[in-house]
$ cat input05.cif   # mmCIF, C-alpha atoms
data_data
loop_
_atom_site.label_atom_id
_atom_site.label_comp_id
_atom_site.auth_asym_id
_atom_site.auth_seq_id
_atom_site.Cartn_x
_atom_site.Cartn_y
_atom_site.Cartn_z
CA MET M 545 -18.68 13.34 -11.05
CA ASN M 546 -16.76 16.58 -11.28
CA GLN M 547 -13.20 15.47 -11.90
CA SER M 548 -11.80 18.66 -10.47
CA SER M 549 -13.67 18.27 -7.22
CA GLY M 550 -11.59 17.74 -4.13
CA ALA M 551 -13.85 15.02 -2.72
CA ILE M 552 -13.35 11.45 -3.92
CA PRO M 553 -16.02 9.42 -2.09
CA PRO M 554 -15.73 5.64 -1.81
CA LEU M 555 -18.55 3.41 -2.99
CA THR M 556 -21.73 3.95 -0.98
CA ARG M 557 -21.43 0.79 1.11
CA PHE M 558 -18.01 1.92 2.39
CA ALA M 559 -18.86 5.57 2.93
CA HIS M 560 -18.98 5.16 6.74
CA ALA M 561 -15.31 4.20 7.00
CA PRO M 562 -12.20 6.45 6.77
CA ILE M 563 -10.88 4.43 3.82
CA LEU M 564 -8.65 7.15 2.38
CA LEU M 565 -6.99 7.91 5.72
CA LEU M 566 -6.32 4.24 6.47
CA VAL M 567 -4.87 3.64 3.02
CA ALA M 568 -2.53 6.61 3.53
CA CYS M 569 -1.41 5.23 6.91
CA PHE M 570 -0.74 1.81 5.38
CA LEU M 571 1.37 3.25 2.58
CA MET M 572 3.39 5.46 4.95
CA LEU M 573 4.73 2.44 6.81
CA GLN M 574 7.13 1.47 4.01
CA PRO M 575 9.08 4.76 3.68
CA LEU M 576 9.09 5.25 7.45
CA SER M 577 10.44 1.72 7.94
CA THR M 578 13.51 2.62 5.88
CA ASP M 579 13.97 6.38 6.18
CA LEU M 580 13.43 6.77 9.93
CA TYR M 581 16.64 4.93 10.80
CA LEU M 582 18.90 6.06 7.93
CA ALA M 583 20.72 8.47 10.23
CA SER M 584 21.43 5.58 12.62
CA LEU M 585 23.24 3.36 10.10
CA PRO M 586 26.76 4.61 10.95
CA SER M 587 26.17 4.20 14.70
CA LEU M 588 24.95 0.62 14.26
CA GLY M 589 28.37 -0.37 12.98
CA SER M 590 30.00 1.19 16.03
CA VAL M 591 27.55 -0.22 18.59
CA PHE M 592 27.70 -3.78 17.30
CA GLY M 593 31.27 -3.71 15.99
CA ALA M 594 30.02 -4.73 12.55
CA PRO M 595 31.33 -3.68 9.13
CA MET M 596 29.15 -1.40 7.04
CA ALA M 597 28.42 -4.23 4.60
CA THR M 598 26.75 -6.15 7.44
CA VAL M 599 24.87 -3.08 8.63
CA GLN M 600 23.53 -2.57 5.10
CA LEU M 601 21.84 -5.97 5.40
CA THR M 602 19.28 -4.33 7.69
CA LEU M 603 18.10 -2.49 4.58
CA SER M 604 18.71 -5.06 1.85
CA MET M 605 17.08 -7.93 3.77
CA PHE M 606 14.04 -5.72 4.34
CA VAL M 607 13.81 -5.14 0.58
CA ILE M 608 14.20 -8.86 -0.22
CA ALA M 609 11.56 -9.94 2.31
CA PHE M 610 9.21 -7.20 1.19
CA GLY M 611 9.45 -8.28 -2.43
CA LEU M 612 9.00 -12.01 -1.82
CA ALA M 613 6.10 -11.57 0.60
CA GLN M 614 4.02 -9.73 -1.98
CA LEU M 615 3.67 -12.90 -4.02
CA VAL M 616 1.96 -14.60 -1.05
CA ILE M 617 0.07 -11.80 0.70
CA GLY M 618 -1.79 -10.70 -2.43
CA PRO M 619 -3.39 -14.12 -3.07
CA LEU M 620 -4.12 -14.54 0.67
CA SER M 621 -6.14 -11.31 0.64
CA ASP M 622 -7.98 -12.44 -2.49
CA ARG M 623 -8.90 -15.70 -0.73
CA TYR M 624 -9.61 -14.65 2.88
CA GLY M 625 -10.27 -10.92 2.60
CA ARG M 626 -8.35 -7.70 3.17
CA ARG M 627 -9.25 -7.16 6.83
CA PRO M 628 -7.91 -10.37 8.44
CA VAL M 629 -4.69 -10.28 6.41
CA VAL M 630 -3.87 -6.69 7.30
CA ILE M 631 -4.71 -7.24 10.99
CA TRP M 632 -2.34 -10.21 11.23
CA GLY M 633 0.27 -8.35 9.20
CA LEU M 634 0.18 -5.23 11.36
CA GLY M 635 0.33 -7.38 14.47
CA LEU M 636 3.47 -9.04 13.10
CA TYR M 637 4.92 -5.61 12.33
CA VAL M 638 4.37 -4.42 15.91
CA VAL M 639 6.12 -7.48 17.35
CA ALA M 640 9.01 -7.24 14.87
CA SER M 641 9.48 -3.52 15.60
CA LEU M 642 9.78 -4.32 19.31
CA LEU M 643 12.38 -6.99 18.51
CA CYS M 644 14.30 -4.43 16.46
CA ALA M 645 14.18 -1.90 19.30
CA PHE M 646 15.62 -4.36 21.83
CA ALA M 647 17.87 -6.42 19.53
CA PRO M 648 21.07 -7.38 21.43
CA SER M 649 23.05 -8.16 18.28
CA ILE M 650 23.26 -7.09 14.65
CA GLU M 651 22.24 -10.61 13.57
CA LEU M 652 18.97 -10.43 15.51
CA LEU M 653 18.34 -6.93 14.20
CA ILE M 654 18.72 -8.17 10.63
CA ALA M 655 16.37 -11.09 11.32
CA ALA M 656 13.82 -8.79 12.98
CA ARG M 657 13.99 -6.42 10.00
CA PHE M 658 13.21 -9.37 7.72
CA VAL M 659 10.09 -10.17 9.77
CA GLN M 660 9.17 -6.48 9.98
CA ALA M 661 9.15 -6.35 6.17
CA LEU M 662 6.60 -9.17 6.03
CA GLY M 663 4.20 -7.19 8.19
CA CYS M 664 4.86 -3.96 6.34
CA CYS M 665 4.25 -5.69 3.03
CA SER M 666 0.76 -6.77 4.11
CA ALA M 667 -0.20 -3.13 4.75
CA ILE M 668 1.07 -1.98 1.35
CA ILE M 669 -0.60 -4.79 -0.60
CA ILE M 670 -3.91 -4.36 1.20
CA ALA M 671 -3.82 -0.59 0.63
CA ARG M 672 -3.53 -1.08 -3.14
CA ALA M 673 -6.25 -3.73 -3.19
CA ILE M 674 -8.62 -1.67 -1.02
CA VAL M 675 -8.42 1.23 -3.47
CA ARG M 676 -9.54 -1.16 -6.22
CA ASP M 677 -12.31 -2.57 -3.98
CA ALA M 678 -13.73 0.60 -2.45
CA TYR M 679 -13.54 3.17 -5.24
CA ALA M 680 -14.96 3.32 -8.74
CA PRO M 681 -12.35 2.37 -11.38
CA ALA M 682 -12.56 5.86 -12.88
CA ASP M 683 -11.63 7.37 -9.51
CA SER M 684 -8.87 4.99 -8.43
CA VAL M 685 -6.00 6.81 -10.13
CA ARG M 686 -7.06 10.12 -8.53
CA VAL M 687 -7.32 8.38 -5.16
CA ILE M 688 -3.77 7.07 -5.50
CA ALA M 689 -2.56 10.52 -6.56
CA ARG M 690 -4.16 12.16 -3.53
CA VAL M 691 -2.87 9.54 -1.10
CA SER M 692 0.58 9.82 -2.69
CA THR M 693 0.65 13.52 -1.81
CA TRP M 694 0.03 12.64 1.84
CA LEU M 695 2.48 9.75 1.53
CA ALA M 696 5.27 12.16 0.60
CA LEU M 697 5.17 13.50 4.17
CA ALA M 698 6.76 10.25 5.41
CA PRO M 699 10.03 10.33 3.43
CA LEU M 700 10.03 14.13 3.74
CA THR M 701 10.05 14.15 7.54
CA GLY M 702 11.37 10.64 8.32
CA PRO M 703 15.12 11.27 7.89
CA ILE M 704 14.94 14.57 9.77
CA LEU M 705 12.98 13.05 12.66
CA GLY M 706 15.28 10.04 12.63
CA SER M 707 18.33 12.29 12.89
CA TYR M 708 16.97 13.98 16.00
CA LEU M 709 15.94 10.65 17.55
CA GLN M 710 19.43 9.30 16.93
CA VAL M 711 21.16 12.33 18.46
CA THR M 712 18.81 12.51 21.47
CA PHE M 713 18.03 8.88 22.33
CA GLY M 714 20.14 6.60 20.14
CA TRP M 715 19.35 4.15 17.35
CA ARG M 716 16.71 2.16 19.26
CA ALA M 717 14.41 5.19 19.42
CA ALA M 718 13.51 4.93 15.72
CA PHE M 719 12.14 1.42 16.21
CA VAL M 720 10.27 2.41 19.37
CA ALA M 721 8.60 5.14 17.32
CA LEU M 722 7.67 2.60 14.62
CA THR M 723 6.20 0.32 17.29
CA LEU M 724 3.97 3.10 18.63
CA LEU M 725 2.89 4.20 15.16
CA SER M 726 2.03 0.71 13.94
CA SER M 727 0.12 -0.04 17.16
CA ALA M 728 -2.05 3.03 16.56
CA VAL M 729 -2.71 2.00 12.95
CA LEU M 730 -3.58 -1.55 14.05
CA ALA M 731 -6.09 -0.20 16.58
CA ALA M 732 -7.68 1.99 13.89
CA VAL M 733 -7.98 -0.99 11.55
CA ILE M 734 -9.66 -3.15 14.19
CA LEU M 735 -12.12 -0.39 15.04
CA ARG M 736 -12.88 1.17 11.65
CA LEU M 737 -11.84 -0.91 8.64
CA PRO M 738 -14.64 -2.94 6.99
CA GLU M 739 -14.03 -5.92 4.74
CA THR M 740 -13.83 -4.55 1.18
CA ASN M 741 -13.22 -7.78 -0.73
CA GLU M 742 -16.68 -8.72 -2.01
CA HIS M 743 -15.38 -11.21 -4.58
CA LYS M 744 -13.33 -13.67 -2.56
CA ASP M 745 -11.65 -16.29 -4.72
CA ALA M 746 -11.63 -19.69 -3.03
CA ARG M 747 -8.99 -20.91 -5.48
CA ALA M 748 -6.63 -17.94 -5.08
CA THR M 749 -4.27 -19.83 -2.76
CA GLU M 750 -4.50 -23.17 -4.53
CA LEU M 751 -1.60 -23.92 -6.80
CA ALA M 752 -3.81 -24.22 -9.88
CA GLY M 753 -5.80 -21.10 -8.98
CA LEU M 754 -2.65 -19.15 -8.17
CA ALA M 755 -1.06 -20.16 -11.46
CA ALA M 756 -4.23 -19.18 -13.35
CA ASN M 757 -4.32 -15.76 -11.70
CA TRP M 758 -0.62 -15.20 -12.36
CA ARG M 759 -1.10 -16.12 -16.02
CA LEU M 760 -4.04 -13.75 -16.27
CA VAL M 761 -2.17 -10.82 -14.75
CA LEU M 762 1.25 -11.43 -16.28
CA GLY M 763 -0.32 -12.08 -19.69
CA SER M 764 -2.02 -8.69 -19.69
CA ARG M 765 -0.41 -5.98 -21.83
CA GLN M 766 -2.14 -3.36 -19.72
CA PHE M 767 -0.47 -4.70 -16.58
CA TRP M 768 3.00 -4.44 -18.09
CA ALA M 769 2.25 -1.06 -19.68
CA HIS M 770 1.84 0.30 -16.17
CA ALA M 771 3.86 -2.01 -13.91
CA LEU M 772 7.14 -1.90 -15.84
CA PRO M 773 7.41 1.91 -16.12
CA GLY M 774 6.31 2.14 -12.48
CA ALA M 775 8.98 -0.32 -11.35
CA LEU M 776 11.69 1.46 -13.33
CA SER M 777 10.51 4.78 -11.91
CA TYR M 778 10.72 3.36 -8.39
CA GLY M 779 14.20 2.12 -9.25
CA SER M 780 15.20 5.64 -10.26
CA ILE M 781 14.34 7.05 -6.82
CA PHE M 782 15.84 4.03 -5.05
CA ALA M 783 19.14 4.89 -6.72
CA PHE M 784 19.12 8.11 -4.72
CA ILE M 785 17.80 6.44 -1.56
CA SER M 786 20.73 4.02 -1.57
CA GLY M 787 23.35 6.29 -3.12
CA SER M 788 22.73 9.82 -1.85
CA SER M 789 24.23 9.27 1.61
CA PRO M 790 27.75 8.20 0.52
CA VAL M 791 27.77 10.75 -2.31
CA LEU M 792 26.69 13.70 -0.17
CA ILE M 793 28.56 12.83 3.03
CA ARG M 794 31.73 11.12 1.78
CA ILE M 795 32.33 12.72 -1.60
CA LEU M 796 30.81 16.18 -1.18
CA GLN M 797 31.55 16.51 2.55
CA VAL M 798 28.02 17.47 3.60
CA PRO M 799 27.83 17.39 7.43
CA THR M 800 25.93 14.35 8.67
CA GLU M 801 23.47 16.45 10.65
CA TRP M 802 22.48 18.23 7.43
CA PHE M 803 21.97 15.09 5.38
CA GLY M 804 18.33 14.72 6.50
CA TYR M 805 17.52 18.20 5.21
CA CYS M 806 19.19 17.57 1.85
CA PHE M 807 17.30 14.30 1.55
CA ALA M 808 14.04 16.00 2.54
CA PHE M 809 14.49 18.63 -0.17
CA GLY M 810 14.90 15.93 -2.78
CA VAL M 811 11.85 14.07 -1.53
CA SER M 812 9.78 17.26 -1.68
CA GLY M 813 9.96 16.75 -5.42
CA TYR M 814 7.79 13.66 -5.00
CA MET M 815 5.08 15.65 -3.21
CA THR M 816 5.26 18.27 -5.94
CA GLY M 817 4.95 15.56 -8.59
CA THR M 818 1.83 14.06 -7.05
CA ILE M 819 0.21 17.49 -7.00
CA VAL M 820 1.16 17.98 -10.65
CA CYS M 821 -0.28 14.54 -11.41
CA ARG M 822 -3.59 15.49 -9.81
CA ARG M 823 -3.75 18.55 -12.08
CA LEU M 824 -2.78 16.68 -15.23
CA LEU M 825 -5.20 13.76 -14.86
CA PRO M 826 -8.49 15.68 -15.34
CA ALA M 827 -7.03 17.63 -18.25
CA PHE M 828 -5.20 14.90 -20.17
CA GLY M 829 -6.12 11.49 -18.72
CA PRO M 830 -3.84 8.71 -17.44
CA ALA M 831 -2.13 7.84 -20.75
CA VAL M 832 -0.86 11.31 -21.55
CA THR M 833 -0.01 11.95 -17.90
CA LEU M 834 2.24 8.87 -17.88
CA ARG M 835 3.94 10.06 -21.06
CA ILE M 836 4.60 13.45 -19.48
CA GLY M 837 6.01 11.80 -16.36
CA SER M 838 8.31 9.55 -18.38
CA THR M 839 9.59 12.56 -20.30
CA LEU M 840 10.41 14.26 -17.01
CA SER M 841 12.25 11.09 -15.92
CA VAL M 842 14.57 10.97 -18.91
CA GLY M 843 15.12 14.73 -18.70
CA ALA M 844 16.15 14.56 -15.04
CA GLY M 845 18.59 11.70 -15.65
CA ALA M 846 20.08 13.30 -18.76
CA LEU M 847 20.69 16.64 -17.01
CA PHE M 848 22.37 14.91 -14.07
CA LEU M 849 24.65 12.84 -16.31
CA ALA M 850 25.53 15.84 -18.49
CA ALA M 851 26.44 17.95 -15.44
CA ALA M 852 28.52 15.15 -13.91
CA GLY M 853 30.19 14.55 -17.27
CA PHE M 854 31.30 18.19 -17.36
CA GLY M 855 32.92 17.72 -13.96
CA LEU M 856 30.38 19.55 -11.82
CA ALA M 857 30.44 18.26 -8.23
CA HIS M 858 28.28 20.07 -5.71
CA TRP M 859 25.63 19.05 -3.19
CA ALA M 860 23.10 21.27 -4.99
CA LEU M 861 23.54 19.20 -8.17
CA VAL M 862 22.75 15.94 -6.37
CA THR M 863 19.77 17.31 -4.43
CA GLY M 864 18.49 19.04 -7.58
CA ALA M 865 18.72 15.85 -9.62
CA MET M 866 17.01 13.97 -6.80
CA PHE M 867 14.24 16.59 -6.69
CA LEU M 868 13.57 16.29 -10.44
CA THR M 869 13.68 12.48 -10.37
CA MET M 870 11.32 12.38 -7.40
CA LEU M 871 9.00 14.87 -9.17
CA ALA M 872 8.83 12.61 -12.21
CA HIS M 873 8.11 9.60 -9.98
CA GLY M 874 5.31 11.55 -8.32
CA VAL M 875 3.67 11.84 -11.74
CA ASN M 876 4.41 8.26 -12.84
CA PHE M 877 3.59 6.37 -9.66
CA PRO M 878 -0.17 7.06 -9.21
CA VAL M 879 -0.90 6.22 -12.85
CA SER M 880 1.25 3.09 -12.94
CA GLN M 881 0.00 1.76 -9.61
CA SER M 882 -3.68 2.27 -10.40
CA GLY M 883 -3.37 0.99 -13.96
CA SER M 884 -1.62 -2.19 -12.83
CA VAL M 885 -4.46 -3.24 -10.52
CA THR M 886 -7.65 -1.72 -11.95
CA PRO M 887 -8.17 -4.30 -14.76
CA PHE M 888 -8.37 -7.15 -12.21
CA PRO M 889 -11.34 -6.75 -9.83
CA GLN M 890 -11.21 -10.38 -8.67
CA GLN M 891 -7.41 -10.63 -8.65
CA ALA M 892 -6.61 -7.19 -7.20
CA GLY M 893 -4.45 -8.64 -4.44
CA THR M 894 -2.54 -10.88 -6.84
CA ALA M 895 -1.99 -8.00 -9.28
CA ALA M 896 -0.85 -5.71 -6.47
CA GLY M 897 1.51 -8.41 -5.20
CA LEU M 898 3.08 -9.07 -8.60
CA MET M 899 3.48 -5.36 -9.20
CA GLY M 900 5.11 -4.86 -5.80
CA ALA M 901 7.44 -7.82 -6.29
CA LEU M 902 8.55 -6.33 -9.60
CA TYR M 903 9.19 -3.00 -7.86
CA MET M 904 11.34 -4.63 -5.19
CA CYS M 905 13.31 -6.72 -7.71
CA VAL M 906 14.19 -3.59 -9.66
CA ALA M 907 15.07 -1.78 -6.41
CA PHE M 908 17.35 -4.62 -5.32
CA VAL M 909 19.17 -4.64 -8.68
CA VAL M 910 19.52 -0.85 -8.65
CA GLY M 911 20.77 -0.78 -5.05
CA THR M 912 23.33 -3.47 -5.84
CA ALA M 913 24.49 -1.58 -8.93
CA VAL M 914 24.85 1.67 -6.98
CA GLY M 915 27.01 -0.04 -4.35
CA ALA M 916 29.10 -1.97 -6.87
CA THR M 917 29.89 1.05 -9.06
CA TYR M 918 30.76 3.49 -6.28
CA ASN M 919 34.16 4.98 -7.12
CA GLY M 920 34.34 8.24 -5.21
CA THR M 921 32.76 10.35 -7.96
CA LEU M 922 29.25 11.40 -8.95
CA TYR M 923 29.45 9.76 -12.36
CA PRO M 924 28.20 6.20 -11.53
CA LEU M 925 25.07 7.49 -9.76
CA ALA M 926 24.40 9.91 -12.61
CA ALA M 927 24.85 7.18 -15.24
CA ILE M 928 22.44 4.86 -13.42
CA ALA M 929 19.87 7.67 -13.03
CA CYS M 930 20.10 8.50 -16.75
CA THR M 931 19.85 4.85 -17.81
CA LEU M 932 16.72 4.35 -15.71
CA GLY M 933 15.16 7.58 -17.00
CA ALA M 934 15.70 6.47 -20.58
CA SER M 935 14.28 3.01 -19.79
CA ILE M 936 11.12 4.54 -18.33
CA PHE M 937 10.69 6.74 -21.40
CA VAL M 938 11.14 3.85 -23.83
CA SER M 939 8.97 1.37 -21.92
CA VAL M 940 5.99 3.74 -21.87
CA ARG M 941 6.14 4.21 -25.61
CA LEU M 942 6.78 0.57 -26.52
CA LEU M 943 4.07 -0.91 -24.30
CA ALA M 944 1.45 1.82 -24.67
CA LEU M 945 1.48 2.72 -28.31
CA HIS M 946 -1.93 4.37 -28.12
CA PRO M 947 -3.47 6.42 -25.29
CA ALA M 948 -6.40 3.99 -25.11
CA ALA M 949 -4.00 1.21 -24.23
CA VAL M 950 -3.29 2.71 -20.81
CA ALA M 951 -6.52 4.54 -20.09
CA SER M 952 -8.28 3.39 -16.98
#

$ encode --input "input05.cif" --output "structure tokens"
Amino acid sequence: MNQSSGAIPPLTRFAHAPILLLVACFLMLQPLSTDLYLASLPSLGSVFGAPMATVQLTLSMFVIAFGLAQLVIGPLSDRYGRRPVVIWGLGLYVVASLLCAFAPSIELLIAARFVQALGCCSAIIIARAIVRDAYAPADSVRVIARVSTWLALAPLTGPILGSYLQVTFGWRAAFVALTLLSSAVLAAVILRLPETNEHKDARATELAGLAANWRLVLGSRQFWAHALPGALSYGSIFAFISGSSPVLIRILQVPTEWFGYCFAFGVSGYMTGTIVCRRLLPAFGPAVTLRIGSTLSVGAGALFLAAAGFGLAHWALVTGAMFLTMLAHGVNFPVSQSGSVTPFPQQAGTAAGLMGALYMCVAFVVGTAVGATYNGTLYPLAAIACTLGASIFVSVRLLALHPAAVAS
């Protein structure tokens, strides 16, 4: 196959289905589930008379549920197949989104967000597993890179769209939009998605079988060589997801209505990074591409910390640092995600679930650290970004000492 070709066909038996488009739709649900209502967070406190700490639970409980569910949904898809699990999951997401839209209290909204995360998680896990099922191993990293470029449209446009929905219709409009979107994706799955799991594992959900699969995946050096840098890279962008709003709006006095545009500029770095990744892969391969991405990560964090240390405080510094961090993640993410799952054809769902749980654990720790260290300056966010960048850089070199160790 010509590695520079734009077309990445699935395996012959799945050629009739729009696999790539469905995978992209699945993956978009996660950023839209968080970014679409970011502009509504302040109004939720006013509407429900709740402190901001309680309102933040609508985000943190989503992250917790999303992380825990991955440990269960992955094995379920290995046992029963991708199609039934994602259908039930999307159905749950639709119902939970409706509950969010009509929640009469902040407590019910938090509970509905928890349930919504369970449904969203099924789509993400199945997307990762389907790529392993439906594409040749040599193509999977390029598939993830291409889908990641499309995926960047969600966090790029989500906060801006959410801002306009909030101003025009109020906070409930974001969840109505998510209900309509997920209903359309569910209909497409029912009509067009074939079963891609051809190696169902009858023991995947048994305690002994689950433990065996976990040992296999967690005992693999190749899994950690990809999953750990990927999780740390995700943590680096989550630092900006959770910390950019108070820094830009409270410290740097950026008008609220302009926050979505600042956020979108930073996220455009992710789209740029995925395009760079797609150019690097055919020329250098996954191992070198991951090393380049990790170098960009530490560079972005170091520049941000150095600028903050010299007392620079401007919205352009924060959005620039976010752009560079997102760019590095756009290079790291396709390689780390594909490399974490590809070695496990019969445990793809389990591997995807463990990888995702690791991502969410790191995100939860990073989000907590960002909130706990907030002191009215840029320095804590910059220090966290630099620490994560350095950790990504070191983990790639410690766990993948030779290019062959991370090659797909």

$ resolve_selection --input "input05.cif" --expression "the PyMOL selection byres ((chain M and resi 674-680) around 8)" --output "list of chain:residue names"
M:Pro553, M:Pro554, M:Leu555, M:Phe558, M:Ile563, M:Val567, M:Arg626, M:Ile670, M:Ala671, M:Arg672, M:Ala673, M:Pro681, M:Ala682, M:Asp683, M:Ser684, M:Val687, M:Ile688, M:Thr740, M:Asn741, M:Glu742, M:Ser882, M:Val885, M:Thr886, M:Pro889, M:Ala892

$ resolve_selection --input "input05.cif" --expression "the PyMOL selection byres ((chain M and resi 629-639) around 7)" --output "VMD selection string"
chain M and resid 621 625 to 628 640 to 643 660 663 to 664 666 to 667 670 723 726 to 727 730

$ closest_residue --input "input05.cif" --among "M:Tyr624, M:Trp768, M:Tyr923, M:Phe784" --to "M:Phe848" --atoms "all atoms listed in the file"
M:Tyr923

$ resolve_selection --input "input05.cif" --expression "the PyMOL selection byres ((chain M and resi 699) around 8)" --output "PyMOL selection string"
chain M and resi 575-576+579+695-698+700-703+808+811

$ atom_distance --input "input05.cif" --atom1 "atom CA of M:Tyr918" --atom2 "atom CA of M:Leu792"
12.6 Å

$ closest_residue --input "input05.cif" --among "M:Leu652, M:Ala561, M:Ile704, M:Ile552" --to "M:Trp802" --atoms "only C-alpha atoms"
M:Ile704

$ closest_residue --input "input05.cif" --among "M:Leu585, M:Val940, M:Leu834, M:Val616" --to "M:Ser707" --atoms "all atoms listed in the file"
M:Leu585

$ axis_aligned_box --input "input05.cif" --around "stretch 895-914 of chain M" --padding-each-side "3 Å" --output "AutoDock Vina command-line options"
--center_x 11.4 --center_y -3.7 --center_z -7.4 --size_x 32.8 --size_y 16.7 --size_z 10.6

$ closest_residue --input "input05.cif" --among "M:Ala865, M:Ile781, M:Thr894, M:Gly774" --to "M:Arg759" --atoms "only C-alpha atoms"
M:Thr894

$ atom_distance --input "input05.cif" --atom1 "atom CA of M:Leu932" --atom2 "atom CA of M:Val910"
9.2 Å

$ closest_residue --input "input05.cif" --among "M:Val914, M:Leu573, M:Ile668, M:Leu925" --to "M:Ala728" --atoms "all atoms listed in the file"
M:Leu573

$ closest_residue --input "input05.cif" --among "M:Pro773, M:Gly933, M:Gly893, M:Pro619" --to "M:Glu750" --atoms "only C-alpha atoms"
M:Pro619

$ residues_around --input "input05.cif" --residues "M:Ser764" --least-positions-apart "3" --cutoff "12 Å" --atoms "all atoms listed in the file" --output "list of chain:residue names"
M:Asn757, M:Trp758, M:Arg759, M:Leu760, M:Val761, M:Phe767, M:Trp768, M:Ala769, M:His770, M:Ala771, M:Gly883, M:Ser884, M:Val885, M:Thr886, M:Pro887, M:Phe888, M:Ala895, M:Leu943, M:Ala949, M:Val950

$ write_last_selection --input "input05.cif" --atoms "C-alpha atoms" --output "mmCIF file, in the frame of the given file"
data_model
loop_
_atom_site.group_PDB
_atom_site.id
_atom_site.type_symbol
_atom_site.label_atom_id
_atom_site.label_comp_id
_atom_site.auth_asym_id
_atom_site.auth_seq_id
_atom_site.Cartn_x
_atom_site.Cartn_y
_atom_site.Cartn_z
ATOM 1 C CA ASN M 757 -4.320 -15.760 -11.700
ATOM 2 C CA TRP M 758 -0.620 -15.200 -12.360
ATOM 3 C CA ARG M 759 -1.100 -16.120 -16.020
ATOM 4 C CA LEU M 760 -4.040 -13.750 -16.270
ATOM 5 C CA VAL M 761 -2.170 -10.820 -14.750
ATOM 6 C CA PHE M 767 -0.470 -4.700 -16.580
ATOM 7 C CA TRP M 768 3.000 -4.440 -18.090
ATOM 8 C CA ALA M 769 2.250 -1.060 -19.680
ATOM 9 C CA HIS M 770 1.840 0.300 -16.170
ATOM 10 C CA ALA M 771 3.860 -2.010 -13.910
ATOM 11 C CA GLY M 883 -3.370 0.990 -13.960
ATOM 12 C CA SER M 884 -1.620 -2.190 -12.830
ATOM 13 C CA VAL M 885 -4.460 -3.240 -10.520
ATOM 14 C CA THR M 886 -7.650 -1.720 -11.950
ATOM 15 C CA PRO M 887 -8.170 -4.300 -14.760
ATOM 16 C CA PHE M 888 -8.370 -7.150 -12.210
ATOM 17 C CA ALA M 895 -1.990 -8.000 -9.280
ATOM 18 C CA LEU M 943 4.070 -0.910 -24.300
ATOM 19 C CA ALA M 949 -4.000 1.210 -24.230
ATOM 20 C CA VAL M 950 -3.290 2.710 -20.810
#

$ atom_distance --input "input05.cif" --atom1 "atom CA of M:Gln600" --atom2 "atom CA of M:Cys569"
26.2 Å

$ residues_around --input "input05.cif" --residues "M:Trp694" --least-positions-apart "5" --cutoff "10 Å" --atoms "only C-alpha atoms" --output "NGL selection string"
:M and (565 or 568-569 or 571-572 or 688-689 or 815 or 818)

$ write_last_selection --input "input05.cif" --atoms "C-alpha atoms" --output "tab-separated table (two decimals), keeping the file's coordinate frame"
chain	number	residue	atom	x	y	z
M	565	LEU	CA	-6.99	7.91	5.72
M	568	ALA	CA	-2.53	6.61	3.53
M	569	CYS	CA	-1.41	5.23	6.91
M	571	LEU	CA	1.37	3.25	2.58
M	572	MET	CA	3.39	5.46	4.95
M	688	ILE	CA	-3.77	7.07	-5.50
M	689	ALA	CA	-2.56	10.52	-6.56
M	815	MET	CA	5.08	15.65	-3.21
M	818	THR	CA	1.83	14.06	-7.05

$ decode --input "input05.cif" --residues "stretch 750-756 of chain M" --atoms "N, CA, C and O atoms" --output "compact mmCIF listing (two decimals), in the first residue's frame"
# COMPACT_ATOMS: atom_id res chain seq x y z
N GLU M 750 -15.57 -13.17 32.64
CA GLU M 750 -15.40 -13.99 33.82
C GLU M 750 -14.23 -13.43 34.64
O GLU M 750 -13.29 -12.85 34.09
N LEU M 751 -14.30 -13.60 35.92
CA LEU M 751 -13.27 -13.04 36.77
C LEU M 751 -11.89 -13.57 36.40
O LEU M 751 -10.93 -12.79 36.28
N ALA M 752 -11.80 -14.88 36.18
CA ALA M 752 -10.51 -15.47 35.83
C ALA M 752 -10.05 -14.98 34.46
O ALA M 752 -8.88 -14.64 34.26
N GLY M 753 -10.98 -14.93 33.50
CA GLY M 753 -10.62 -14.47 32.16
C GLY M 753 -10.26 -13.00 32.15
O GLY M 753 -9.31 -12.58 31.46
N LEU M 754 -11.00 -12.21 32.94
CA LEU M 754 -10.72 -10.79 33.01
C LEU M 754 -9.35 -10.55 33.62
O LEU M 754 -8.56 -9.73 33.13
N ALA M 755 -9.06 -11.29 34.70
CA ALA M 755 -7.75 -11.14 35.34
C ALA M 755 -6.62 -11.55 34.39
O ALA M 755 -5.58 -10.90 34.34
N ALA M 756 -6.85 -12.63 33.62
CA ALA M 756 -5.83 -13.08 32.67
C ALA M 756 -5.58 -12.03 31.60
O ALA M 756 -4.42 -11.75 31.23
